[in-house]
file work_0.cif (mmCIF, C-alpha atoms (C1' of nucleotides))
data_protein
#
loop_
_atom_site.label_atom_id
_atom_site.label_comp_id
_atom_site.auth_asym_id
_atom_site.auth_seq_id
_atom_site.Cartn_x
_atom_site.Cartn_y
_atom_site.Cartn_z
CA MET A 1 104.41 113.86 124.47
CA LEU A 2 107.52 112.68 122.63
CA GLN A 3 108.61 110.80 125.72
CA ILE A 4 108.85 107.10 126.44
CA THR A 5 106.37 105.77 128.96
CA ARG A 6 107.18 104.15 132.28
CA ASP A 7 106.38 100.83 130.59
CA GLY A 8 109.33 101.25 128.26
CA GLU A 9 111.66 102.43 130.98
CA TYR A 10 110.68 99.57 133.29
CA ALA A 11 111.05 97.01 130.52
CA VAL A 12 114.57 98.18 129.85
CA ARG A 13 115.43 98.03 133.54
CA ALA A 14 114.07 94.50 133.81
CA ILE A 15 115.91 93.23 130.77
CA LEU A 16 119.07 94.96 131.85
CA HIS A 17 118.75 93.32 135.25
CA MET A 18 118.45 89.89 133.70
CA SER A 19 121.32 90.65 131.34
CA ALA A 20 123.58 91.30 134.30
CA GLN A 21 122.94 87.86 135.83
CA PRO A 22 125.07 84.79 135.17
CA VAL A 23 123.61 82.70 132.34
CA GLY A 24 120.94 80.30 133.50
CA THR A 25 119.88 82.45 136.43
CA LEU A 26 116.15 82.65 137.05
CA CYS A 27 114.97 86.05 138.22
CA LEU A 28 111.90 86.60 140.33
CA ILE A 29 109.50 89.46 139.81
CA SER A 30 109.88 90.59 143.39
CA GLU A 31 113.65 90.53 143.09
CA ILE A 32 113.71 92.56 139.86
CA ALA A 33 111.08 94.93 141.19
CA GLU A 34 113.07 95.72 144.30
CA ALA A 35 116.44 95.99 142.62
CA GLN A 36 115.18 98.13 139.74
CA GLU A 37 112.72 100.20 141.75
CA VAL A 38 109.63 99.21 139.81
CA PRO A 39 106.22 98.65 141.43
CA ARG A 40 105.93 94.90 141.87
CA SER A 41 102.43 94.38 140.52
CA TYR A 42 103.08 96.68 137.61
CA LEU A 43 106.27 94.88 136.69
CA SER A 44 104.30 91.65 136.65
CA LYS A 45 102.28 92.95 133.71
CA ILE A 46 105.36 94.15 131.91
CA MET A 47 107.09 90.80 132.27
CA GLN A 48 104.04 89.06 130.85
CA HIS A 49 104.21 91.36 127.90
CA LEU A 50 107.92 90.74 127.38
CA VAL A 51 107.30 87.00 127.41
CA LYS A 52 104.61 87.36 124.76
CA ALA A 53 106.97 89.53 122.73
CA GLY A 54 109.47 86.69 122.80
CA LEU A 55 112.28 88.56 124.49
CA VAL A 56 111.93 86.78 127.80
CA LYS A 57 110.98 83.27 128.83
CA SER A 58 109.31 82.23 132.03
CA ARG A 59 108.90 79.18 134.21
CA ARG A 60 105.92 78.95 136.50
CA GLY A 61 105.60 77.38 139.89
CA ALA A 62 108.07 76.87 142.69
CA ARG A 63 111.64 77.60 141.58
CA GLY A 64 110.17 79.42 138.64
CA GLY A 65 111.10 82.85 137.36
CA PHE A 66 112.20 84.71 134.25
CA PHE A 67 115.22 84.55 132.01
CA LEU A 68 116.22 86.05 128.68
CA ALA A 69 115.21 84.28 125.50
CA ARG A 70 118.38 85.51 123.79
CA ARG A 71 121.87 86.47 124.87
CA PRO A 72 122.37 90.07 126.03
CA GLN A 73 124.61 90.82 123.06
CA GLU A 74 121.70 89.93 120.80
CA ILE A 75 119.19 92.32 122.38
CA THR A 76 119.32 95.98 121.44
CA LEU A 77 117.91 98.85 123.42
CA ARG A 78 115.48 99.48 120.61
CA GLN A 79 114.20 95.92 120.74
CA ALA A 80 113.69 96.13 124.47
CA ILE A 81 111.71 99.35 124.18
CA GLU A 82 109.70 98.43 121.13
CA ALA A 83 108.82 95.05 122.63
CA ILE A 84 106.69 96.88 125.14
CA GLU A 85 105.87 100.20 123.49
CA GLY A 86 105.33 98.94 119.99
CA PRO A 87 107.11 100.45 117.00
CA ILE A 88 108.23 104.03 117.44
CA PHE A 89 106.95 106.76 115.13
CA LEU A 90 107.92 110.32 116.00
CA ASN A 91 104.91 111.59 114.07
CA ILE A 92 101.81 109.81 112.82
CA CYS A 93 102.79 110.66 109.24
CA LEU A 94 105.59 108.10 109.61
CA ILE A 95 103.39 105.17 110.59
CA LYS A 96 103.00 104.03 107.04
CA LYS A 97 102.87 105.40 103.53
CA GLY A 98 99.46 106.88 102.96
CA GLU A 99 98.75 107.31 106.66
CA CYS A 100 99.01 111.05 106.07
CA HIS A 101 97.93 112.20 102.64
CA ARG A 102 99.87 115.40 103.09
CA ASP A 103 103.24 113.66 102.93
CA GLU A 104 103.28 114.07 99.15
CA PHE A 105 103.77 117.77 99.47
CA CYS A 106 104.59 118.32 103.16
CA PRO A 107 108.26 119.28 103.55
CA VAL A 108 108.28 118.40 107.24
CA HIS A 109 107.66 114.74 106.59
CA GLN A 110 111.20 114.04 105.45
CA VAL A 111 112.65 115.90 108.40
CA TRP A 112 110.76 113.60 110.73
CA GLN A 113 112.05 110.67 108.74
CA GLU A 114 115.62 111.76 109.23
CA ALA A 115 115.10 112.53 112.91
CA GLN A 116 113.58 109.13 113.46
CA ARG A 117 116.38 107.42 111.56
CA LYS A 118 119.03 109.11 113.71
CA LEU A 119 117.17 108.28 116.89
CA MET A 120 116.76 104.65 115.93
CA GLU A 121 120.39 104.42 114.98
CA VAL A 122 121.36 105.25 118.54
CA LEU A 123 118.94 102.74 120.04
CA ASP A 124 119.90 100.06 117.52
CA ASN A 125 123.58 100.39 118.23
CA LYS A 126 123.36 99.68 121.92
CA THR A 127 123.02 96.11 123.11
CA MET A 128 122.14 94.95 126.59
CA ALA A 129 125.60 93.43 126.85
CA GLN A 130 127.17 96.82 126.18
CA LEU A 131 124.90 98.48 128.71
CA VAL A 132 125.96 95.98 131.37
CA GLN A 133 129.58 96.85 130.59
CA ASP A 134 128.78 100.55 130.75
CA ALA A 135 127.15 100.02 134.12
CA GLU A 136 130.25 98.31 135.44
CA LYS A 137 132.37 101.23 134.34
CA LEU A 138 130.02 103.68 136.03
CA LYS A 139 130.17 101.62 139.21
CA GLY A 140 133.93 101.49 139.10
CA PHE A 141 134.09 105.19 138.54
CA SER A 142 131.85 106.16 141.44
CA ALA A 143 133.65 103.66 143.67
CA LYS A 144 136.96 105.19 142.70
CA LYS A 145 135.64 108.61 143.49
CA ARG A 146 134.59 107.57 146.97
CA THR A 147 137.46 105.24 147.88
CA PRO A 148 140.44 105.75 145.61
CA LYS A 149 142.45 102.56 145.29
CA LYS A 150 145.79 104.14 145.96
CA PRO A 151 145.59 107.66 147.23
CA PRO A 152 148.72 109.40 146.01
CA SER A 153 150.82 109.85 149.07
CA THR A 154 152.09 113.34 149.57
CA LEU A 155 154.76 112.28 152.02
CA MET B 1 104.11 107.50 123.42
CA LEU B 2 107.27 109.00 121.96
CA GLN B 3 105.23 110.88 119.38
CA ILE B 4 104.53 114.56 118.93
CA THR B 5 100.99 115.64 119.59
CA ARG B 6 98.59 117.17 117.10
CA ASP B 7 99.31 120.48 118.85
CA GLY B 8 102.89 120.36 117.70
CA GLU B 9 102.03 119.24 114.21
CA TYR B 10 99.38 121.93 113.80
CA ALA B 11 101.69 124.62 115.15
CA VAL B 12 104.31 123.71 112.58
CA ARG B 13 101.73 123.78 109.82
CA ALA B 14 100.50 127.19 110.88
CA ILE B 15 103.95 128.71 111.13
CA LEU B 16 104.95 127.15 107.84
CA HIS B 17 101.85 128.63 106.26
CA MET B 18 102.73 132.09 107.48
CA SER B 19 106.33 131.61 106.43
CA ALA B 20 105.22 130.99 102.87
CA GLN B 21 103.36 134.31 102.64
CA PRO B 22 104.89 137.54 101.35
CA VAL B 23 106.24 139.63 104.20
CA GLY B 24 103.63 141.82 105.82
CA THR B 25 100.75 139.49 104.99
CA LEU B 26 98.16 139.02 107.71
CA CYS B 27 96.80 135.49 107.94
CA LEU B 28 93.35 134.68 109.25
CA ILE B 29 92.63 131.70 111.44
CA SER B 30 89.98 130.44 109.09
CA GLU B 31 92.32 130.75 106.16
CA ILE B 32 95.16 128.86 107.85
CA ALA B 33 92.76 126.27 109.20
CA GLU B 34 91.36 125.50 105.79
CA ALA B 35 94.66 125.51 103.93
CA GLN B 36 96.46 123.41 106.52
CA GLU B 37 93.57 121.11 107.35
CA VAL B 38 93.39 121.97 111.01
CA PRO B 39 90.10 122.25 112.94
CA ARG B 40 89.33 125.95 113.06
CA SER B 41 88.43 126.28 116.73
CA TYR B 42 91.37 124.15 117.74
CA LEU B 43 93.78 126.21 115.70
CA SER B 44 92.49 129.29 117.44
CA LYS B 45 93.88 127.95 120.73
CA ILE B 46 97.17 127.05 119.16
CA MET B 47 97.63 130.49 117.63
CA GLN B 48 96.96 132.08 121.02
CA HIS B 49 99.67 129.91 122.45
CA LEU B 50 102.12 130.80 119.70
CA VAL B 51 101.48 134.49 120.32
CA LYS B 52 102.20 134.05 124.02
CA ALA B 53 105.34 132.12 123.14
CA GLY B 54 106.48 135.13 121.12
CA LEU B 55 106.80 133.37 117.79
CA VAL B 56 103.74 135.01 116.29
CA LYS B 57 102.11 138.39 116.60
CA SER B 58 98.45 139.19 116.20
CA ARG B 59 96.20 142.10 115.40
CA ARG B 60 92.64 142.09 116.57
CA GLY B 61 89.55 143.49 114.95
CA ALA B 62 88.58 144.01 111.34
CA ARG B 63 91.56 143.55 108.99
CA GLY B 64 93.28 141.77 111.83
CA GLY B 65 95.10 138.47 111.71
CA PHE B 66 98.41 136.82 112.49
CA PHE B 67 101.95 137.25 111.26
CA LEU B 68 105.37 135.97 112.26
CA ALA B 69 107.29 137.79 114.95
CA ARG B 70 110.58 136.83 113.25
CA ARG B 71 111.71 136.06 109.74
CA PRO B 72 111.27 132.46 108.56
CA GLN B 73 115.02 131.95 108.36
CA GLU B 74 115.20 132.75 112.06
CA ILE B 75 112.67 130.15 113.17
CA THR B 76 113.78 126.55 113.47
CA LEU B 77 111.54 123.52 113.41
CA ARG B 78 112.54 122.84 116.98
CA GLN B 79 111.49 126.30 118.08
CA ALA B 80 108.13 125.90 116.40
CA ILE B 81 107.48 122.56 118.09
CA GLU B 82 108.82 123.48 121.50
CA ALA B 83 106.86 126.72 121.50
CA ILE B 84 103.72 124.66 121.78
CA GLU B 85 104.83 121.36 123.29
CA GLY B 86 107.35 122.71 125.74
CA PRO B 87 110.91 121.43 125.89
CA ILE B 88 111.41 117.91 124.59
CA PHE B 89 112.78 115.18 126.84
CA LEU B 90 112.86 111.66 125.43
CA ASN B 91 112.86 110.26 128.95
CA ILE B 92 112.05 111.87 132.28
CA CYS B 93 115.60 111.22 133.45
CA LEU B 94 116.70 113.95 131.02
CA ILE B 95 114.46 116.68 132.40
CA LYS B 96 117.11 117.91 134.75
CA LYS B 97 120.02 116.66 136.77
CA GLY B 98 118.69 114.96 139.86
CA GLU B 99 115.26 114.36 138.36
CA CYS B 100 116.14 110.67 138.36
CA HIS B 101 118.43 109.57 141.15
CA ARG B 102 119.37 106.48 139.17
CA ASP B 103 121.26 108.46 136.55
CA GLU B 104 124.42 108.20 138.63
CA PHE B 105 124.70 104.50 137.91
CA CYS B 106 122.16 103.88 135.12
CA PRO B 107 123.95 103.18 131.85
CA VAL B 108 120.85 103.93 129.77
CA HIS B 109 120.81 107.57 130.79
CA GLN B 110 123.68 108.54 128.54
CA VAL B 111 122.16 106.69 125.60
CA TRP B 112 119.04 108.78 125.95
CA GLN B 113 121.22 111.84 126.11
CA GLU B 114 122.87 110.99 122.84
CA ALA B 115 119.59 110.05 121.17
CA GLN B 116 118.06 113.32 122.24
CA ARG B 117 121.08 115.29 121.06
CA LYS B 118 120.89 113.71 117.60
CA LEU B 119 117.16 114.29 117.38
CA MET B 120 117.47 117.92 118.40
CA GLU B 121 120.27 118.45 115.92
CA VAL B 122 117.93 117.54 113.09
CA LEU B 123 115.18 119.82 114.33
CA ASP B 124 117.61 122.65 115.05
CA ASN B 125 119.10 122.54 111.59
CA LYS B 126 115.88 123.10 109.74
CA THR B 127 114.47 126.58 109.47
CA MET B 128 111.03 127.55 108.27
CA ALA B 129 112.64 129.28 105.31
CA GLN B 130 114.31 126.03 104.29
CA LEU B 131 111.05 124.14 104.68
CA VAL B 132 109.30 126.60 102.40
CA GLN B 133 112.02 126.00 99.83
CA ASP B 134 111.70 122.25 100.25
CA ALA B 135 107.96 122.54 99.72
CA GLU B 136 108.49 124.41 96.49
CA LYS B 137 110.80 121.67 95.25
CA LEU B 138 108.24 119.02 96.14
CA LYS B 139 105.57 120.96 94.29
CA GLY B 140 107.75 121.35 91.26
CA PHE B 141 108.56 117.65 91.31
CA SER B 142 104.97 116.46 91.49
CA ALA B 143 103.95 118.94 88.82
CA LYS B 144 106.73 117.67 86.57
CA LYS B 145 105.58 114.13 87.11
CA ARG B 146 102.05 114.91 85.99
CA THR B 147 102.81 117.28 83.08
CA PRO B 148 106.35 116.83 81.84
CA LYS B 149 107.66 120.00 80.28
CA LYS B 150 108.99 118.38 77.15
CA PRO B 151 107.94 114.79 76.66
CA PRO B 152 110.77 113.10 74.75
CA SER B 153 109.40 112.52 71.33
CA THR B 154 109.89 109.01 70.03
CA LEU B 155 109.22 109.94 66.44
"C1'" DA C 1 98.34 63.96 147.67
"C1'" DT C 2 99.36 68.33 149.69
"C1'" DT C 3 101.28 72.44 149.90
"C1'" DA C 4 104.08 76.40 149.03
"C1'" DA C 5 105.96 79.13 145.44
"C1'" DA C 6 105.65 81.43 141.14
"C1'" DT C 7 103.83 83.20 136.93
"C1'" DA C 8 99.31 84.16 133.91
"C1'" DG C 9 95.63 86.77 133.17
"C1'" DG C 10 91.53 89.48 133.86
"C1'" DA C 11 89.01 93.22 136.15
"C1'" DC C 12 89.21 97.54 137.94
"C1'" DT C 13 90.57 102.50 138.89
"C1'" DA C 14 92.29 107.31 139.48
"C1'" DA C 15 94.43 110.82 137.23
"C1'" DA C 16 96.16 113.04 133.37
"C1'" DA C 17 96.65 113.96 128.53
"C1'" DT C 18 94.66 114.47 124.08
"C1'" DC C 19 91.84 116.62 120.92
"C1'" DA C 20 88.83 119.10 120.45
"C1'" DT C 21 84.03 122.58 120.69
"C1'" DC C 22 81.45 126.64 122.05
"C1'" DC C 23 80.49 131.03 123.94
"C1'" DT C 24 81.48 135.62 125.57
"C1'" DG C 25 84.44 139.58 125.63
"C1'" DA C 26 87.52 142.92 123.74
"C1'" DA C 27 89.65 145.45 120.04
"C1'" DT C 28 89.66 147.69 115.56
"C1'" DG C 29 88.77 149.32 110.85
"C1'" DT C 30 84.94 151.20 107.95
"C1'" DA D 1 77.14 151.73 114.98
"C1'" DC D 2 78.67 147.60 113.04
"C1'" DA D 3 81.00 143.89 111.12
"C1'" DT D 4 85.23 141.58 111.71
"C1'" DT D 5 88.87 139.36 114.22
"C1'" DC D 6 91.46 137.63 117.93
"C1'" DA D 7 91.49 136.50 123.38
"C1'" DG D 8 90.25 133.64 126.85
"C1'" DG D 9 87.48 130.64 129.68
"C1'" DA D 10 84.45 126.65 130.32
"C1'" DT D 11 83.33 122.26 129.03
"C1'" DG D 12 83.65 117.49 127.49
"C1'" DA D 13 84.43 112.91 125.30
"C1'" DT D 14 87.86 109.69 124.66
"C1'" DT D 15 92.21 107.61 125.32
"C1'" DT D 16 96.41 106.82 127.69
"C1'" DT D 17 99.04 106.25 131.68
"C1'" DA D 18 100.28 104.08 135.64
"C1'" DG D 19 99.10 101.46 138.42
"C1'" DT D 20 96.39 97.68 142.05
"C1'" DC D 21 94.16 93.41 143.24
"C1'" DC D 22 92.32 88.96 142.94
"C1'" DT D 23 91.94 84.37 141.12
"C1'" DA D 24 93.71 80.64 138.29
"C1'" DT D 25 97.26 77.71 136.83
"C1'" DT D 26 101.65 75.47 136.92
"C1'" DT D 27 105.49 73.34 139.21
"C1'" DA D 28 108.78 71.54 142.78
"C1'" DA D 29 109.35 69.69 147.04
"C1'" DT D 30 107.63 67.06 150.96
#
call {"tool": "encode", "arguments": {"input": "work_0.cif", "output": "structure tokens"}}
result
Amino acid sequence: MLQITRDGEYAVRAILHMSAQPVGTLCLISEIAEAQEVPRSYLSKIMQHLVKAGLVKSRRGARGGFFLARRPQEITLRQAIEAIEGPIFLNICLIKKGECHRDEFCPVHQVWQEAQRKLMEVLDNKTMAQLVQDAEKLKGFSAKKRTPKKPPSTL
Amino acid sequence: MLQITRDGEYAVRAILHMSAQPVGTLCLISEIAEAQEVPRSYLSKIMQHLVKAGLVKSRRGARGGFFLARRPQEITLRQAIEAIEGPIFLNICLIKKGECHRDEFCPVHQVWQEAQRKLMEVLDNKTMAQLVQDAEKLKGFSAKKRTPKKPPSTL
DNA sequence: ATTAAATAGGACTAAAATCATCCTGAATGT
DNA sequence: ACATTCAGGATGATTTTAGTCCTATTTAAT
């Protein structure tokens, strides 16, 4: 449907959550699930997947939990999404050369290529570290809206 | 899965096929199906949909068929795809304001917005007329490769 | 050693989407 | 009348999506 699945969305939320923690923090499934509004049992599966993909590490048992395998500035949005959704191809003709025999003469093929390239560029150029910063700005902004620091006195 | 469906692909093929015909030509389902390698009965459904969407007109009965409702230079790739797939949203949070209550503080939301904008830009900027031209170039190129007009003599 | 706390992993499921096929009906030109 | 086309509905197999639930395994603390 040309739309990312809940898996991808939830994976990004989880990684973003971990990226916002102080280094060394271990995050629990239940904690991430609640904070990021993801069904707990479903998130469990996604975290497993992220561990297998090498983006996240885990420790079992009491005092266990999850933490990032790399620093937030070294994880792009694309990596987070593709870790769980697999590589993105806007059309099956892009999967690999020869996947679609029509690409030799189909003029649409190269349009998809360009569209995909532009899309990837956006996802590649955003790291988890940047997203955490963006989130802080958003928070500051909404806080300012509600309780301005210094309301300009009209007296 | 962040991939267009066969519906969308087939719709584009059908419209492209009609765009490549001389104006006034009526195209038959069976003819389009064969030329564009689309299952005949499936294409039938897609053409119905395209008629309802207003991109294509039809005439029933003997000597009937399909033809474009607008000129090829007035139909963009995006219009062709969205006519059959409905509006594209890379993530459900983009469907409409308030669809996702997290968008107030979620820093990923605006990244999706930008990604979608860039993607749409590519699809918006390609008309069926241009695609027909592109196809002609591709044909000319592959023909040249196989039978070069004037092979450089080495004698 | 026991136990409580966590993740790992497999089995299962309901609902929806995908990718079609087939048949009947309606319109239209000859 | 008849052959030719599209219109529209019913049906269906398969896959994907979006989960849940239960048991096993690992680990830290007591």
call {"tool": "interface_residues", "arguments": {"input": "work_0.cif", "of": "chain B", "to": "chain A", "cutoff": "7 Å", "atoms": "all atoms listed in the file", "output": "list in words"}}
result
Met1, Leu2, Gln3, Ile4, Thr5, Ile88, Phe89, Leu90, Asn91, Phe105, Cys106, Pro107, Val108, Ala115, Lys118, Leu119, Val122, Leu131, Asp134, Ala135, Leu138 and Lys139 of chain B
call {"tool": "resolve_selection", "arguments": {"input": "work_0.cif", "expression": "the PyMOL selection byres ((chain A) within 8 of (chain D))", "output": "VMD selection string"}}
result
chain A and resid 5 to 6 41 to 42 60 to 64
call {"tool": "write_last_selection", "arguments": {"input": "work_0.cif", "atoms": "C-alpha atoms", "output": "JSON list (two decimals), keeping the file's coordinate frame"}}
result
[["chain", "number", "residue", "atom", "x", "y", "z"],
["A", 5, "THR", "CA", 106.37, 105.77, 128.96],
["A", 6, "ARG", "CA", 107.18, 104.15, 132.28],
["A", 41, "SER", "CA", 102.43, 94.38, 140.52],
["A", 42, "TYR", "CA", 103.08, 96.68, 137.61],
["A", 60, "ARG", "CA", 105.92, 78.95, 136.50],
["A", 61, "GLY", "CA", 105.60, 77.38, 139.89],
["A", 62, "ALA", "CA", 108.07, 76.87, 142.69],
["A", 63, "ARG", "CA", 111.64, 77.60, 141.58],
["A", 64, "GLY", "CA", 110.17, 79.42, 138.64]]
call {"tool": "closest_atom_pairs", "arguments": {"input": "work_0.cif", "of": "chain C", "to": "chain A", "cutoff": "6 Å", "atoms": "only C-alpha atoms (C1' of nucleotides)", "output": "CSV"}}
result
residue,atom,partner,partner_atom,distance
C:DA5,C1',A:Ala62,CA,4.1
C:DA6,C1',A:Gly61,CA,4.2
C:DT7,C1',A:Arg60,CA,4.8
call {"tool": "write_last_selection", "arguments": {"input": "work_0.cif", "atoms": "C-alpha atoms (C1' of nucleotides)", "output": "PDB file, in the frame of the given file"}}
result
ATOM      1  C1'  DA C   5     105.960  79.130 145.440  1.00  0.00           C
ATOM      2  C1'  DA C   6     105.650  81.430 141.140  1.00  0.00           C
ATOM      3  C1'  DT C   7     103.830  83.200 136.930  1.00  0.00           C
TER       4       DT C   7
END
call {"tool": "atom_distance", "arguments": {"input": "work_0.cif", "atom1": "CA of Arg71 (chain A)", "atom2": "CA of Ser19 (chain A)"}}
result
7.7 Å
call {"tool": "atom_distance", "arguments": {"input": "work_0.cif", "atom1": "C1' of DT18 (chain C)", "atom2": "CA of Ala83 (chain B)"}}
result
17.5 Å
call {"tool": "atom_distance", "arguments": {"input": "work_0.cif", "atom1": "C1' of DA11 (chain C)", "atom2": "CA of Ile32 (chain A)"}}
result
25.0 Å
call {"tool": "decode", "arguments": {"input": "work_0.cif", "residues": "region 60-68 of chain A", "atoms": "all heavy atoms", "output": "JSON list (two decimals), in the first residue's frame"}}
result
[["chain", "number", "residue", "atom", "x", "y", "z"],
["A", 60, "ARG", "N", 19.60, -10.64, 29.35],
["A", 60, "ARG", "CA", 18.47, -11.38, 29.92],
["A", 60, "ARG", "C", 18.55, -11.40, 31.43],
["A", 60, "ARG", "O", 19.55, -11.02, 32.03],
["A", 60, "ARG", "CB", 18.47, -12.81, 29.38],
["A", 60, "ARG", "CG", 17.98, -12.90, 27.98],
["A", 60, "ARG", "CD", 18.52, -14.13, 27.30],
["A", 60, "ARG", "NE", 17.77, -15.30, 27.69],
["A", 60, "ARG", "CZ", 17.50, -16.31, 26.86],
["A", 60, "ARG", "NH1", 17.88, -16.25, 25.61],
["A", 60, "ARG", "NH2", 16.85, -17.36, 27.28],
["A", 61, "GLY", "N", 17.48, -11.88, 32.02],
["A", 61, "GLY", "CA", 17.46, -12.07, 33.46],
["A", 61, "GLY", "C", 17.20, -10.80, 34.24],
["A", 61, "GLY", "O", 17.00, -9.72, 33.67],
["A", 62, "ALA", "N", 17.22, -10.97, 35.57],
["A", 62, "ALA", "CA", 16.99, -9.82, 36.45],
["A", 62, "ALA", "C", 17.98, -8.72, 36.11],
["A", 62, "ALA", "O", 19.13, -8.98, 35.75],
["A", 62, "ALA", "CB", 17.17, -10.26, 37.90],
["A", 63, "ARG", "N", 17.53, -7.47, 36.18],
["A", 63, "ARG", "CA", 18.37, -6.32, 35.82],
["A", 63, "ARG", "C", 18.76, -6.34, 34.33],
["A", 63, "ARG", "O", 19.75, -5.73, 33.96],
["A", 63, "ARG", "CB", 19.65, -6.27, 36.66],
["A", 63, "ARG", "CG", 19.43, -6.11, 38.16],
["A", 63, "ARG", "CD", 18.95, -4.71, 38.50],
["A", 63, "ARG", "NE", 19.14, -4.44, 39.92],
["A", 63, "ARG", "CZ", 20.02, -3.54, 40.39],
["A", 63, "ARG", "NH1", 20.72, -2.81, 39.57],
["A", 63, "ARG", "NH2", 20.14, -3.36, 41.69],
["A", 64, "GLY", "N", 18.02, -7.11, 33.58],
["A", 64, "GLY", "CA", 18.31, -7.15, 32.15],
["A", 64, "GLY", "C", 17.62, -6.01, 31.44],
["A", 64, "GLY", "O", 17.13, -5.07, 32.07],
["A", 65, "GLY", "N", 17.56, -6.10, 30.12],
["A", 65, "GLY", "CA", 16.92, -5.05, 29.34],
["A", 65, "GLY", "C", 17.60, -4.88, 28.00],
["A", 65, "GLY", "O", 18.38, -5.73, 27.57],
["A", 66, "PHE", "N", 17.28, -3.77, 27.33],
["A", 66, "PHE", "CA", 17.83, -3.51, 26.00],
["A", 66, "PHE", "C", 18.63, -2.22, 25.98],
["A", 66, "PHE", "O", 18.35, -1.30, 26.75],
["A", 66, "PHE", "CB", 16.70, -3.40, 24.98],
["A", 66, "PHE", "CG", 15.89, -4.66, 24.81],
["A", 66, "PHE", "CD1", 14.78, -4.89, 25.60],
["A", 66, "PHE", "CD2", 16.25, -5.60, 23.87],
["A", 66, "PHE", "CE1", 14.02, -6.04, 25.45],
["A", 66, "PHE", "CE2", 15.50, -6.76, 23.71],
["A", 66, "PHE", "CZ", 14.40, -6.98, 24.50],
["A", 67, "PHE", "N", 19.59, -2.18, 25.11],
["A", 67, "PHE", "CA", 20.33, -0.93, 24.87],
["A", 67, "PHE", "C", 20.85, -0.93, 23.44],
["A", 67, "PHE", "O", 20.94, -1.99, 22.80],
["A", 67, "PHE", "CB", 21.47, -0.79, 25.88],
["A", 67, "PHE", "CG", 22.43, -1.93, 25.87],
["A", 67, "PHE", "CD1", 23.63, -1.85, 25.21],
["A", 67, "PHE", "CD2", 22.12, -3.12, 26.54],
["A", 67, "PHE", "CE1", 24.52, -2.91, 25.19],
["A", 67, "PHE", "CE2", 23.01, -4.20, 26.53],
["A", 67, "PHE", "CZ", 24.21, -4.09, 25.86],
["A", 68, "LEU", "N", 21.16, 0.24, 22.93],
["A", 68, "LEU", "CA", 21.60, 0.36, 21.54],
["A", 68, "LEU", "C", 22.97, -0.26, 21.33],
["A", 68, "LEU", "O", 23.85, -0.16, 22.21],
["A", 68, "LEU", "CB", 21.65, 1.83, 21.14],
["A", 68, "LEU", "CG", 20.31, 2.56, 21.09],
["A", 68, "LEU", "CD1", 20.54, 4.00, 20.65],
["A", 68, "LEU", "CD2", 19.35, 1.87, 20.13]]
